[in-house]
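Novice: Before anything else, here's the structure in question.
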Amino acid sequence: MTVATGIERRTTTAGSIPTAHRTRARIGRTTKYVLLLLFIVIVLMPVYVLVVTSLKPPSDVSAVTSWAWPSRWPWQADGDGATGFGNWATAWEALAAPLGRTFLLAIPAALVSAMLGSMNGFVLSRWKFPYANVVFTLILFGMFIPYQAIMVPLVQMKTSLGLPSSIVTLLFVHIIYGLPICTLIFRNYYEGVPEELMEASRMDGAGMLGSYWRIILPLSLPGFVVTIIWQFTSAWNDYLFALFLSDANQGPVSLSLVNLSQGAQLSNYGASMAGALIASIPTLLVYILLGKYFVGGLMSGSVKS
């Protein structure tokens, strides 16, 4: 009888351990989801204000009603004949051409700087020439110099070379200033490529350029995803370079968005909010479509030290 009681006690104790473990796991999972939901709400609060305000006519916008829904449907006009959708029409009319110019800036800047950074990273990771680390360090200096510190000499150089205040000049500048970060990413990424692949390529008679095109480049997709997303976002959201090196008629969407707000004397907040949403859609789509590849590129070692 005593033996049976001991066996029963041990069985009960063993069965309570998984139950307690499941309870703790359930509490931890619930806490995690509650915190994530709280963070999502905090992040989406400004987006909510942007969307709601963009759908209000000017007479419906004030600091008191910033969190309130529109008092009428967006397609219904107020006493002045203005509608919420009219804000989007006003913003689109002001930003359509600058959006096209910004695409012509951001896409080539991302692709060219990523390709040049890939070549630089391959050479610096596989060709151990004298003072290679010094060259790499000098390239990285471009990442740590504040843009504000070089604006005056940059504008003077632009003027002396006779470069126009246009997207072409901005494209040239973004490619140059994107090289340090792209070189760093690809150099560290290529450090993880097994040396046996390079040796096999050399045994097949391929030189450095042949090894890059046949072996390294096909393996570089994660690094290209990281650098292209990074450079596209940097070029699209840039305002400082655009302010100094272009003008409102030939500049990107960031300049036109500021001019949209200032031109309305901040009296039409709805149009300004609609313009901000329109300008942010391309970068948002990039992260939605390529976000998982971006994380995969980071985890595969493209930015490891």
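If you're wondering about the labels, chains in the structure tokens are A, B, ... by order shown, residues count from 1 in each chain, ligands from 1 in order shown.
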Please provide the set of residues having any atom within 9 Å of A:Ile278, restricted to only C-alpha atoms, with same-chain residues fewer than 3 positions apart removed, written as a list in words.
Specialist: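 Returned residues: Trp88, Ala91, Trp92, Leu95, Met273, Ala274, Gly275, Ile281 and Pro282 of chain A.
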Novice: Those same residues, written as a JSON list (two decimals), in the first residue's frame with N, CA and C atoms?
Specialist:
[["chain", "number", "residue", "atom", "x", "y", "z"],
["A", 88, "TRP", "N", -6.41, 65.34, -51.04],
["A", 88, "TRP", "CA", -5.56, 64.39, -51.78],
["A", 88, "TRP", "C", -5.36, 64.85, -53.22],
["A", 91, "ALA", "N", -2.81, 67.66, -53.05],
["A", 91, "ALA", "CA", -1.47, 67.14, -52.79],
["A", 91, "ALA", "C", -0.92, 66.42, -54.01],
["A", 92, "TRP", "N", -1.74, 65.63, -54.69],
["A", 92, "TRP", "CA", -1.27, 64.90, -55.86],
["A", 92, "TRP", "C", -0.88, 65.85, -56.98],
["A", 95, "LEU", "N", 2.51, 67.15, -56.11],
["A", 95, "LEU", "CA", 3.61, 66.21, -55.90],
["A", 95, "LEU", "C", 3.79, 65.20, -57.02],
["A", 273, "MET", "N", -1.05, 66.88, -44.83],
["A", 273, "MET", "CA", -1.07, 65.51, -44.33],
["A", 273, "MET", "C", -1.21, 64.52, -45.48],
["A", 274, "ALA", "N", -2.07, 64.83, -46.44],
["A", 274, "ALA", "CA", -2.23, 63.95, -47.59],
["A", 274, "ALA", "C", -0.92, 63.86, -48.39],
["A", 275, "GLY", "N", -0.24, 64.99, -48.54],
["A", 275, "GLY", "CA", 1.04, 64.97, -49.23],
["A", 275, "GLY", "C", 2.08, 64.13, -48.50],
["A", 281, "ILE", "N", 4.43, 56.57, -49.24],
["A", 281, "ILE", "CA", 3.94, 55.28, -49.74],
["A", 281, "ILE", "C", 5.04, 54.46, -50.43],
["A", 282, "PRO", "N", 5.88, 55.02, -51.31],
["A", 282, "PRO", "CA", 6.90, 54.19, -51.97],
["A", 282, "PRO", "C", 7.84, 53.50, -51.00]]
Novice: Please identify all polymer residues within 9 Å of stretch 237-248 of chain A, counting only C-alpha atoms, omitting same-chain residues fewer than 4 positions from it, and present them as a PyMOL selection string.
Specialist: chain A and resi 98+147-148+151-152+154-155+158+164-167+169-170+173-174+232-233+252-256+259+279-280+283
Novice: Could I get the residues of stretch 108-183 of chain A with an atom no further than 10 Å from an atom of stretch 207-213 of chain A, each paired with its nearest atom pair and that distance in Å to one decimal, using only C-alpha atoms, sorted by chain and residue number, as a Markdown table?
Specialist:
| residue | atom | partner | partner_atom | distance |
| --- | --- | --- | --- | --- |
| A:Ser118 | CA | A:Tyr212 | CA | 9.6 |
| A:Met119 | CA | A:Tyr212 | CA | 8.2 |
| A:Phe122 | CA | A:Tyr212 | CA | 7.5 |
| A:Val123 | CA | A:Met208 | CA | 8.6 |
| A:Arg126 | CA | A:Met208 | CA | 8.8 |
| A:Trp127 | CA | A:Met208 | CA | 8.8 |
Novice: My list of candidates is A:Ala114, A:Leu257, A:Ile150, A:Leu138. Which is closest to A:Trp230 when distances are computed with only C-alpha atoms?
Specialist: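 Looking at the shortest contact to A:Trp230, the residue is A:Ala114.
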Novice: Name all residues at most 12 Å from A:Ala63 (count only C-alpha atoms; drop same-chain ones fewer than 5 positions away) and give them as JSON, numbers by chain.
Specialist: {"A": [49, 53, 68, 269]}
Novice: Between atom CA of A:Trp75 and atom CA of A:Leu285, what is the distance, to one decimal in Å?
Specialist: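 Going from atom CA of A:Trp75 over to atom CA of A:Leu285 covers 26.4 Å.
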Novice: If you measure from atom CA of A:Asn87 to atom CA of A:Gly270, what distance in Å do you get, rounded to one decimal?
Specialist: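 Calculated distance between atom CA of A:Asn87 and atom CA of A:Gly270 is 5.6 Å.
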Novice: List every residue of stretch 178-225 of chain A that DSSP, applied to the backbone of this structure, assigns to helix (DSSP H, G or I), and report them as number ranges by chain.
Specialist: A: 178-191, 195-203, 208-219, 221-225
Novice: Would you mind telling me which residue in A:Trp69, A:Tyr33, A:Phe129, A:Phe224 lies nearest to A:Leu116 when using only C-alpha atoms?
Specialist: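 The closest residue to A:Leu116 is A:Phe224.
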Novice: Could you tell me which of A:Ser71, A:Thr159, A:Thr23, A:Asn133 comes closest to A:Leu55 if we count only C-alpha atoms?
Specialist: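 When distances to A:Leu55 are compared using only C-alpha atoms, the smallest one comes from A:Ser71.
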Novice: Atom CA of A:Ser261 and atom CA of A:Pro57, how far apart in Å?
Specialist: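 Separating atom CA of A:Pro57 from atom CA of A:Ser261 is a distance of 15.3 Å.
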Novice: From the options A:Ile215, A:Val34, A:Ala106, A:Pro222, which residue's atoms come nearest to A:Glu196, counting only C-alpha atoms?
Specialist: A:Ile215
